[in-house]
Amino acid sequence: MSLSTLTKDWEPMSYGFLDASAKREIRRKMLKAVAVPGCQMPYASREVPMARGWGTGGLQVSLTLINPKTTVKVIDQGADDSVNAASIRRFLSRVSGAPTTLDTLDADLIQSRHRIPEEKLREDQVLVLQVPNPEPLRPVQPNMSIARQMHADADYGRMWLQLYEQIVRSGRVMQGASYPSMVNGRHVMTPSPIPRWDVPKLHMAKHLTILSAGREKRIHAVPPYTRVEPLVFDDVPYKVEEHGDLTCFRSGAKGFFMNEIPQDDGSSTYEISDSEYGVKTIKQAEGTETAFGESWYQDGEMS
Amino acid sequence: MTIAIEAPRLVKAAPLLTAQNVSKNYGDVQAVRNVSAEVFPGEVLGIVGESGSGKSTFLRMLNLEETPDAGTYTLDLPEVDGNLFELDRFARRMLCAKRIGIVYQNPHLGLLMKHSSSGNVAERLLVAGERRFSVLREKAQEALEASEFPIERLDAPPIELSGGMQQRVQLAKAIALEPALLLLDEPTTGLDVSVQALVLDTLKRLQQERKITMVIVSHDLGVIRTLADRVMVMRRGEVVEAGLADQIFQDPQHAYTQQLVHAKL
């Protein structure tokens, strides 16, 4: 036996970049967040080699969950090929040795900014959402210590007042992304800035969703098979974006959430926001055998 | 000195509000000292006194915004029992939201100035659990109409309204859930005389039509004389004289009350 057999070679950083104590803390906070769905858990958000506001919260959760066998997918506004998504994907792979994928079906861990993939996630998949502002009460109560009391008392009347004001002023609910939603009938959360289209995907979903805000140092979670109900008036139903009839000009996919591309003549064309779903649709049209998962929406209607 | 207000003999009902030996200190300052009061259903109690006499502090305690250092406070309502000062924060909030209405001297304390007027009224209904937009709208309109608020300005934010209009929105918000107790803290202070008269007329009409139990605080004896059945005079945190309104105004006993009444008249 020699000293070299008892020790490891010096490494420039811990596995998965974060040190063990940071991961332990984040794991504990994730467990707490799962135990009390929708309730924000404070954590000591660490420095990572990325600016605050670019997904540091999501990155820390991903780094905590990752292992060499985890297949990772990273998307930004639905796209796998944006600079931010590509950078985070490459970083995760470099510090963990984990394989990466663009296909939702192959992924174990999906880190996303602002979208939930169009294919249904399974029980063995984890979705990590990057959250800029985790506090749904901030627009109605800037004092955060009062906001926390309001959460404790389930005092959410002012959230409905916000919706009331929107209907009075604009004739409809104007809240586009970050639609406030009641989780498990108790806590109102902001489901990160996902569009209204994606909020019903969280309701009784099979997968675990962890939402993490690095700058604001808060983690909250939606465990599998948990109720997530957007706040609505009893007589004003919840509506998603009217994208059901739109067709992607690249892939021909129809009935999914689209990105609008303004044209020089003032008109608009649309492309599917979930870029990999669009790629799969094109491959299928070209005759390549392609596996599609079951989608949340069928012909623009939640299935 | 402690003076409990005796109820008129003809009233046989149990008091709606009973406060006993309520005291509140802010550091070395005794804001309220051993104040007791009873208010019967449908009755209006006026509290008068100079600035700093403790009348608004006492009112805030009745609204459960302040916790006293000593004393008890009960309301004869089926949903509450015992000393209300001992309720936890959540129970206090729910009780105030559903059964106690308040109009503040400063509308900024009672209103969300940038939300619509109807939204301000709707907020009270929302806290009480109403979740139908059409009902919120209808009830907000009813309450604002009852407060003689011009209905064409239903959705104007209070910040764009005059002081008198803002007080009407506060009043509508306070009465929207038909409260058991309405507290008014200097509701006409800062308004010009003609608007003051209109607000007082509205309050008087509402009180007569709905038989709302009210506690009104004012340093203006004219306001108290117009509305109150009984009057409590406070000075330096203590009650110096209490009795029927006519008795207080026509035959004041305490030197301070005499000074107040004669200064006014």
# chains A, B, ... in the order shown; residues from 1 in each chain; ligands from 1
>>> closest_atom_pairs(of="range 210-234 of chain A", to="range 125-137 of chain B", cutoff="12 Å", atoms="only C-alpha atoms", output="Markdown table")
| residue | atom | partner | partner_atom | distance |
| --- | --- | --- | --- | --- |
| A:Leu231 | CA | B:Arg131 | CA | 9.8 |
| A:Val232 | CA | B:Arg131 | CA | 8.0 |
| A:Phe233 | CA | B:Arg131 | CA | 5.2 |
| A:Asp234 | CA | B:Arg132 | CA | 5.0 |
>>> residues_around(residues="Leu260 in chain B", least_positions_apart="2", cutoff="12 Å", atoms="only C-alpha atoms", output="JSON, numbers by chain")
{"B": [48, 49, 50, 219, 220, 221, 222, 233, 234, 235, 240, 241, 248, 249, 250, 252, 253, 254, 255, 256, 257, 258, 262, 263, 264, 265]}
>>> write_last_selection(atoms="N, CA and C atoms", output="mmCIF file, in the first residue's frame")
data_model
loop_
_atom_site.group_PDB
_atom_site.id
_atom_site.type_symbol
_atom_site.label_atom_id
_atom_site.label_comp_id
_atom_site.auth_asym_id
_atom_site.auth_seq_id
_atom_site.Cartn_x
_atom_site.Cartn_y
_atom_site.Cartn_z
ATOM 1 N N VAL B 48 -64.789 62.156 20.576
ATOM 2 C CA VAL B 48 -64.201 63.463 20.282
ATOM 3 C C VAL B 48 -63.017 63.729 21.202
ATOM 4 N N GLY B 49 -62.219 64.647 20.778
ATOM 5 C CA GLY B 49 -61.051 65.006 21.585
ATOM 6 C C GLY B 49 -60.052 65.724 20.706
ATOM 7 N N GLU B 50 -59.100 66.378 21.377
ATOM 8 C CA GLU B 50 -58.100 67.123 20.619
ATOM 9 C C GLU B 50 -57.117 66.162 19.951
ATOM 10 N N HIS B 219 -62.444 65.284 15.544
ATOM 11 C CA HIS B 219 -62.225 66.419 16.439
ATOM 12 C C HIS B 219 -63.250 67.503 16.137
ATOM 13 N N ASP B 220 -64.098 67.249 15.115
ATOM 14 C CA ASP B 220 -65.105 68.221 14.702
ATOM 15 C C ASP B 220 -66.428 67.895 15.395
ATOM 16 N N LEU B 221 -66.828 68.722 16.343
ATOM 17 C CA LEU B 221 -68.036 68.433 17.105
ATOM 18 C C LEU B 221 -69.282 68.438 16.222
ATOM 19 N N GLY B 222 -69.255 69.226 15.148
ATOM 20 C CA GLY B 222 -70.404 69.276 14.241
ATOM 21 C C GLY B 222 -70.668 67.918 13.611
ATOM 22 N N VAL B 233 -65.860 61.665 25.301
ATOM 23 C CA VAL B 233 -64.870 62.740 25.148
ATOM 24 C C VAL B 233 -63.536 62.248 25.714
ATOM 25 N N MET B 234 -62.486 62.319 24.898
ATOM 26 C CA MET B 234 -61.175 61.828 25.351
ATOM 27 C C MET B 234 -60.179 62.977 25.444
ATOM 28 N N ARG B 235 -59.312 62.848 26.424
ATOM 29 C CA ARG B 235 -58.222 63.822 26.568
ATOM 30 C C ARG B 235 -57.016 63.116 27.182
ATOM 31 N N VAL B 240 -62.870 61.534 29.576
ATOM 32 C CA VAL B 240 -63.171 62.511 30.641
ATOM 33 C C VAL B 240 -64.675 62.678 30.834
ATOM 34 N N GLU B 241 -65.430 62.358 29.796
ATOM 35 C CA GLU B 241 -66.883 62.476 29.943
ATOM 36 C C GLU B 241 -67.537 61.623 28.868
ATOM 37 N N ILE B 248 -74.376 65.708 26.288
ATOM 38 C CA ILE B 248 -73.000 66.216 26.218
ATOM 39 C C ILE B 248 -72.972 67.619 25.605
ATOM 40 N N PHE B 249 -73.746 67.803 24.555
ATOM 41 C CA PHE B 249 -73.670 69.092 23.862
ATOM 42 C C PHE B 249 -74.435 70.201 24.587
ATOM 43 N N GLN B 250 -75.537 69.798 25.287
ATOM 44 C CA GLN B 250 -76.341 70.840 25.946
ATOM 45 C C GLN B 250 -75.910 71.102 27.387
ATOM 46 N N PRO B 252 -72.660 70.016 29.180
ATOM 47 C CA PRO B 252 -71.382 69.362 29.443
ATOM 48 C C PRO B 252 -70.971 69.554 30.900
ATOM 49 N N GLN B 253 -70.451 68.468 31.513
ATOM 50 C CA GLN B 253 -70.114 68.517 32.935
ATOM 51 C C GLN B 253 -68.636 68.803 33.170
ATOM 52 N N HIS B 254 -67.804 68.181 32.366
ATOM 53 C CA HIS B 254 -66.366 68.312 32.594
ATOM 54 C C HIS B 254 -65.864 69.632 31.996
ATOM 55 N N ALA B 255 -64.900 70.211 32.664
ATOM 56 C CA ALA B 255 -64.394 71.518 32.220
ATOM 57 C C ALA B 255 -63.851 71.451 30.793
ATOM 58 N N TYR B 256 -63.178 70.322 30.488
ATOM 59 C CA TYR B 256 -62.598 70.187 29.147
ATOM 60 C C TYR B 256 -63.705 70.099 28.092
ATOM 61 N N THR B 257 -64.773 69.344 28.405
ATOM 62 C CA THR B 257 -65.893 69.215 27.455
ATOM 63 C C THR B 257 -66.560 70.580 27.272
ATOM 64 N N GLN B 258 -66.717 71.298 28.369
ATOM 65 C CA GLN B 258 -67.323 72.640 28.284
ATOM 66 C C GLN B 258 -66.494 73.533 27.365
ATOM 67 N N HIS B 262 -68.007 74.967 23.952
ATOM 68 C CA HIS B 262 -68.127 76.429 23.820
ATOM 69 C C HIS B 262 -67.210 76.973 22.730
ATOM 70 N N ALA B 263 -66.070 76.307 22.585
ATOM 71 C CA ALA B 263 -65.158 76.734 21.511
ATOM 72 C C ALA B 263 -65.824 76.531 20.172
ATOM 73 N N LYS B 264 -66.573 75.447 20.071
ATOM 74 C CA LYS B 264 -67.248 75.132 18.810
ATOM 75 C C LYS B 264 -68.437 76.058 18.588
ATOM 76 N N LEU B 265 -69.192 76.217 19.651
ATOM 77 C CA LEU B 265 -70.423 76.995 19.502
ATOM 78 C C LEU B 265 -70.102 78.466 19.647
#
>>> atom_distance(atom1="CA of Phe40 in chain B", atom2="CA of Met232 in chain B")
14.3 Å
>>> atom_distance(atom1="CA of Ser56 in chain B", atom2="CA of Ala197 in chain B")
21.8 Å
>>> select_by_dssp(residues="range 2-83 of chain B", states="strand (DSSP E)", output="ChimeraX atom specification")
/B:17-26,29-39,44-49,70-75
>>> residues_around(residues="range 30-45 of chain A", least_positions_apart="4", cutoff="7 Å", atoms="only C-alpha atoms", output="list in words")
Ile26, Val183, Asn184, His187, Val188, Met189, Gly214, Lys217, Arg218, Ile219, His220, Ala221, Val222 and Pro223 of chain A
>>> interface_residues(of="chain A", to="chain B", cutoff="12 Å", atoms="only C-alpha atoms", output="PyMOL selection string")
chain A and resi 140-141+149-173+231-237
>>> residues_around(residues="Pro230 in chain A", least_positions_apart="2", cutoff="8 Å", atoms="only C-alpha atoms", output="VMD selection string")
chain A and resid 179 to 182 199 to 200 228 232 238
>>> write_last_selection(atoms="N, CA and C atoms", output="mmCIF file, in the first residue's frame")
data_model
loop_
_atom_site.group_PDB
_atom_site.id
_atom_site.type_symbol
_atom_site.label_atom_id
_atom_site.label_comp_id
_atom_site.auth_asym_id
_atom_site.auth_seq_id
_atom_site.Cartn_x
_atom_site.Cartn_y
_atom_site.Cartn_z
ATOM 1 N N TYR A 179 -47.919 32.970 -15.526
ATOM 2 C CA TYR A 179 -49.309 33.057 -15.063
ATOM 3 C C TYR A 179 -49.402 32.470 -13.651
ATOM 4 N N PRO A 180 -49.879 33.253 -12.674
ATOM 5 C CA PRO A 180 -49.907 32.738 -11.295
ATOM 6 C C PRO A 180 -50.801 31.504 -11.190
ATOM 7 N N SER A 181 -50.293 30.502 -10.519
ATOM 8 C CA SER A 181 -51.016 29.232 -10.451
ATOM 9 C C SER A 181 -51.008 28.686 -9.029
ATOM 10 N N MET A 182 -52.120 28.116 -8.652
ATOM 11 C CA MET A 182 -52.249 27.517 -7.323
ATOM 12 C C MET A 182 -51.733 26.085 -7.379
ATOM 13 N N VAL A 199 -48.722 26.157 -19.054
ATOM 14 C CA VAL A 199 -49.110 25.975 -17.646
ATOM 15 C C VAL A 199 -49.943 24.700 -17.440
ATOM 16 N N PRO A 200 -50.914 24.394 -18.319
ATOM 17 C CA PRO A 200 -51.683 23.155 -18.100
ATOM 18 C C PRO A 200 -50.835 21.888 -18.163
ATOM 19 N N VAL A 228 -51.978 21.724 -10.445
ATOM 20 C CA VAL A 228 -51.491 23.078 -10.731
ATOM 21 C C VAL A 228 -52.617 23.793 -11.475
ATOM 22 N N VAL A 232 -58.130 31.708 -11.850
ATOM 23 C CA VAL A 232 -59.158 32.230 -12.765
ATOM 24 C C VAL A 232 -60.395 32.566 -11.967
ATOM 25 N N TYR A 238 -59.928 30.055 -18.147
ATOM 26 C CA TYR A 238 -58.519 30.201 -18.509
ATOM 27 C C TYR A 238 -58.361 29.941 -20.004
#
>>> select_by_dssp(residues="range 50-84 of chain B", states="alpha helix (DSSP H)", output="list of chain:residue names")
B:Lys55, B:Ser56, B:Thr57, B:Phe58, B:Leu59, B:Arg60, B:Met61, B:Leu62
>>> closest_residue(among="B:Leu206, B:Ile100, B:Leu154, B:Leu244", to="Pro179 in chain B", atoms="only C-alpha atoms")
B:Ile100
>>> atom_distance(atom1="CA of Asp28 in chain B", atom2="CA of Glu186 in chain B")
26.0 Å
>>> closest_residue(among="B:Asp88, B:Asp81, B:Asp229, B:Glu138", to="Thr67 in chain B", atoms="only C-alpha atoms")
B:Asp88
>>> decode(residues="range 11-23 of chain A", atoms="all heavy atoms", output="PDB file, in the first residue's frame")
ATOM      1  N   GLU A  11      -7.566  17.444  -8.424  1.00  0.00           N
ATOM      2  CA  GLU A  11      -8.445  17.852  -9.522  1.00  0.00           C
ATOM      3  C   GLU A  11      -8.747  19.326  -9.359  1.00  0.00           C
ATOM      4  O   GLU A  11      -8.872  19.821  -8.234  1.00  0.00           O
ATOM      5  CB  GLU A  11      -9.759  17.059  -9.482  1.00  0.00           C
ATOM      6  CG  GLU A  11      -9.586  15.609  -9.891  1.00  0.00           C
ATOM      7  CD  GLU A  11     -10.879  14.808  -9.761  1.00  0.00           C
ATOM      8  OE1 GLU A  11     -11.906  15.385  -9.353  1.00  0.00           O
ATOM      9  OE2 GLU A  11     -10.837  13.611 -10.059  1.00  0.00           O
ATOM     10  N   PRO A  12      -8.893  20.028 -10.468  1.00  0.00           N
ATOM     11  CA  PRO A  12      -9.100  21.468 -10.365  1.00  0.00           C
ATOM     12  C   PRO A  12     -10.450  21.840  -9.779  1.00  0.00           C
ATOM     13  O   PRO A  12     -10.648  22.956  -9.328  1.00  0.00           O
ATOM     14  CB  PRO A  12      -8.980  21.941 -11.811  1.00  0.00           C
ATOM     15  CG  PRO A  12      -9.294  20.752 -12.639  1.00  0.00           C
ATOM     16  CD  PRO A  12      -8.834  19.572 -11.875  1.00  0.00           C
ATOM     17  N   MET A  13     -11.410  20.959  -9.820  1.00  0.00           N
ATOM     18  CA  MET A  13     -12.718  21.302  -9.241  1.00  0.00           C
ATOM     19  C   MET A  13     -13.451  20.036  -8.838  1.00  0.00           C
ATOM     20  O   MET A  13     -13.052  18.930  -9.205  1.00  0.00           O
ATOM     21  CB  MET A  13     -13.546  22.095 -10.235  1.00  0.00           C
ATOM     22  CG  MET A  13     -13.871  21.355 -11.511  1.00  0.00           C
ATOM     23  SD  MET A  13     -14.806  22.340 -12.655  1.00  0.00           S
ATOM     24  CE  MET A  13     -13.550  23.419 -13.319  1.00  0.00           C
ATOM     25  N   SER A  14     -14.537  20.192  -8.069  1.00  0.00           N
ATOM     26  CA  SER A  14     -15.335  19.049  -7.645  1.00  0.00           C
ATOM     27  C   SER A  14     -16.096  18.492  -8.839  1.00  0.00           C
ATOM     28  O   SER A  14     -16.309  19.189  -9.832  1.00  0.00           O
ATOM     29  CB  SER A  14     -16.345  19.492  -6.592  1.00  0.00           C
ATOM     30  OG  SER A  14     -15.693  20.125  -5.543  1.00  0.00           O
ATOM     31  N   TYR A  15     -16.552  17.262  -8.674  1.00  0.00           N
ATOM     32  CA  TYR A  15     -17.374  16.690  -9.732  1.00  0.00           C
ATOM     33  C   TYR A  15     -18.655  17.536  -9.878  1.00  0.00           C
ATOM     34  O   TYR A  15     -19.303  17.884  -8.894  1.00  0.00           O
ATOM     35  CB  TYR A  15     -17.773  15.249  -9.408  1.00  0.00           C
ATOM     36  CG  TYR A  15     -18.711  14.683 -10.434  1.00  0.00           C
ATOM     37  CD1 TYR A  15     -18.227  14.255 -11.662  1.00  0.00           C
ATOM     38  CD2 TYR A  15     -20.080  14.668 -10.210  1.00  0.00           C
ATOM     39  CE1 TYR A  15     -19.084  13.792 -12.636  1.00  0.00           C
ATOM     40  CE2 TYR A  15     -20.953  14.203 -11.172  1.00  0.00           C
ATOM     41  CZ  TYR A  15     -20.446  13.770 -12.390  1.00  0.00           C
ATOM     42  OH  TYR A  15     -21.293  13.331 -13.366  1.00  0.00           O
ATOM     43  N   GLY A  16     -19.008  17.845 -11.073  1.00  0.00           N
ATOM     44  CA  GLY A  16     -20.215  18.640 -11.298  1.00  0.00           C
ATOM     45  C   GLY A  16     -20.054  20.076 -10.842  1.00  0.00           C
ATOM     46  O   GLY A  16     -21.035  20.734 -10.501  1.00  0.00           O
ATOM     47  N   PHE A  17     -18.804  20.533 -10.799  1.00  0.00           N
ATOM     48  CA  PHE A  17     -18.445  21.926 -10.506  1.00  0.00           C
ATOM     49  C   PHE A  17     -18.734  22.349  -9.064  1.00  0.00           C
ATOM     50  O   PHE A  17     -17.882  22.920  -8.406  1.00  0.00           O
ATOM     51  CB  PHE A  17     -19.132  22.902 -11.468  1.00  0.00           C
ATOM     52  CG  PHE A  17     -18.616  24.313 -11.331  1.00  0.00           C
ATOM     53  CD1 PHE A  17     -17.401  24.671 -11.906  1.00  0.00           C
ATOM     54  CD2 PHE A  17     -19.304  25.261 -10.613  1.00  0.00           C
ATOM     55  CE1 PHE A  17     -16.890  25.945 -11.765  1.00  0.00           C
ATOM     56  CE2 PHE A  17     -18.812  26.540 -10.467  1.00  0.00           C
ATOM     57  CZ  PHE A  17     -17.609  26.886 -11.048  1.00  0.00           C
ATOM     58  N   LEU A  18     -19.933  22.112  -8.555  1.00  0.00           N
ATOM     59  CA  LEU A  18     -20.262  22.579  -7.196  1.00  0.00           C
ATOM     60  C   LEU A  18     -19.600  21.672  -6.160  1.00  0.00           C
ATOM     61  O   LEU A  18     -19.465  20.472  -6.378  1.00  0.00           O
ATOM     62  CB  LEU A  18     -21.777  22.556  -6.980  1.00  0.00           C
ATOM     63  CG  LEU A  18     -22.607  23.545  -7.791  1.00  0.00           C
ATOM     64  CD1 LEU A  18     -24.085  23.372  -7.446  1.00  0.00           C
ATOM     65  CD2 LEU A  18     -22.188  24.984  -7.513  1.00  0.00           C
ATOM     66  N   ASP A  19     -19.230  22.277  -5.025  1.00  0.00           N
ATOM     67  CA  ASP A  19     -18.640  21.467  -3.970  1.00  0.00           C
ATOM     68  C   ASP A  19     -19.736  20.680  -3.244  1.00  0.00           C
ATOM     69  O   ASP A  19     -20.923  20.967  -3.387  1.00  0.00           O
ATOM     70  CB  ASP A  19     -17.865  22.345  -2.986  1.00  0.00           C
ATOM     71  CG  ASP A  19     -18.755  23.394  -2.378  1.00  0.00           C
ATOM     72  OD1 ASP A  19     -19.376  23.101  -1.345  1.00  0.00           O
ATOM     73  OD2 ASP A  19     -18.856  24.489  -2.961  1.00  0.00           O
ATOM     74  N   ALA A  20     -19.296  19.694  -2.464  1.00  0.00           N
ATOM     75  CA  ALA A  20     -20.247  18.760  -1.857  1.00  0.00           C
ATOM     76  C   ALA A  20     -21.235  19.458  -0.930  1.00  0.00           C
ATOM     77  O   ALA A  20     -22.427  19.118  -0.892  1.00  0.00           O
ATOM     78  CB  ALA A  20     -19.489  17.675  -1.110  1.00  0.00           C
ATOM     79  N   SER A  21     -20.754  20.458  -0.181  1.00  0.00           N
ATOM     80  CA  SER A  21     -21.669  21.104   0.777  1.00  0.00           C
ATOM     81  C   SER A  21     -22.742  21.910   0.050  1.00  0.00           C
ATOM     82  O   SER A  21     -23.900  21.978   0.485  1.00  0.00           O
ATOM     83  CB  SER A  21     -20.890  21.983   1.754  1.00  0.00           C
ATOM     84  OG  SER A  21     -20.269  23.033   1.044  1.00  0.00           O
ATOM     85  N   ALA A  22     -22.365  22.512  -1.067  1.00  0.00           N
ATOM     86  CA  ALA A  22     -23.354  23.263  -1.846  1.00  0.00           C
ATOM     87  C   ALA A  22     -24.425  22.321  -2.388  1.00  0.00           C
ATOM     88  O   ALA A  22     -25.628  22.596  -2.304  1.00  0.00           O
ATOM     89  CB  ALA A  22     -22.664  23.990  -3.007  1.00  0.00           C
ATOM     90  N   LYS A  23     -23.973  21.186  -2.908  1.00  0.00           N
ATOM     91  CA  LYS A  23     -24.932  20.215  -3.446  1.00  0.00           C
ATOM     92  C   LYS A  23     -25.833  19.673  -2.349  1.00  0.00           C
ATOM     93  O   LYS A  23     -27.025  19.477  -2.559  1.00  0.00           O
ATOM     94  CB  LYS A  23     -24.174  19.057  -4.103  1.00  0.00           C
ATOM     95  CG  LYS A  23     -23.553  19.410  -5.425  1.00  0.00           C
ATOM     96  CD  LYS A  23     -22.922  18.176  -5.988  1.00  0.00           C
ATOM     97  CE  LYS A  23     -22.111  18.520  -7.216  1.00  0.00           C
ATOM     98  NZ  LYS A  23     -21.295  17.394  -7.631  1.00  0.00           N
TER      99      LYS A  23
END
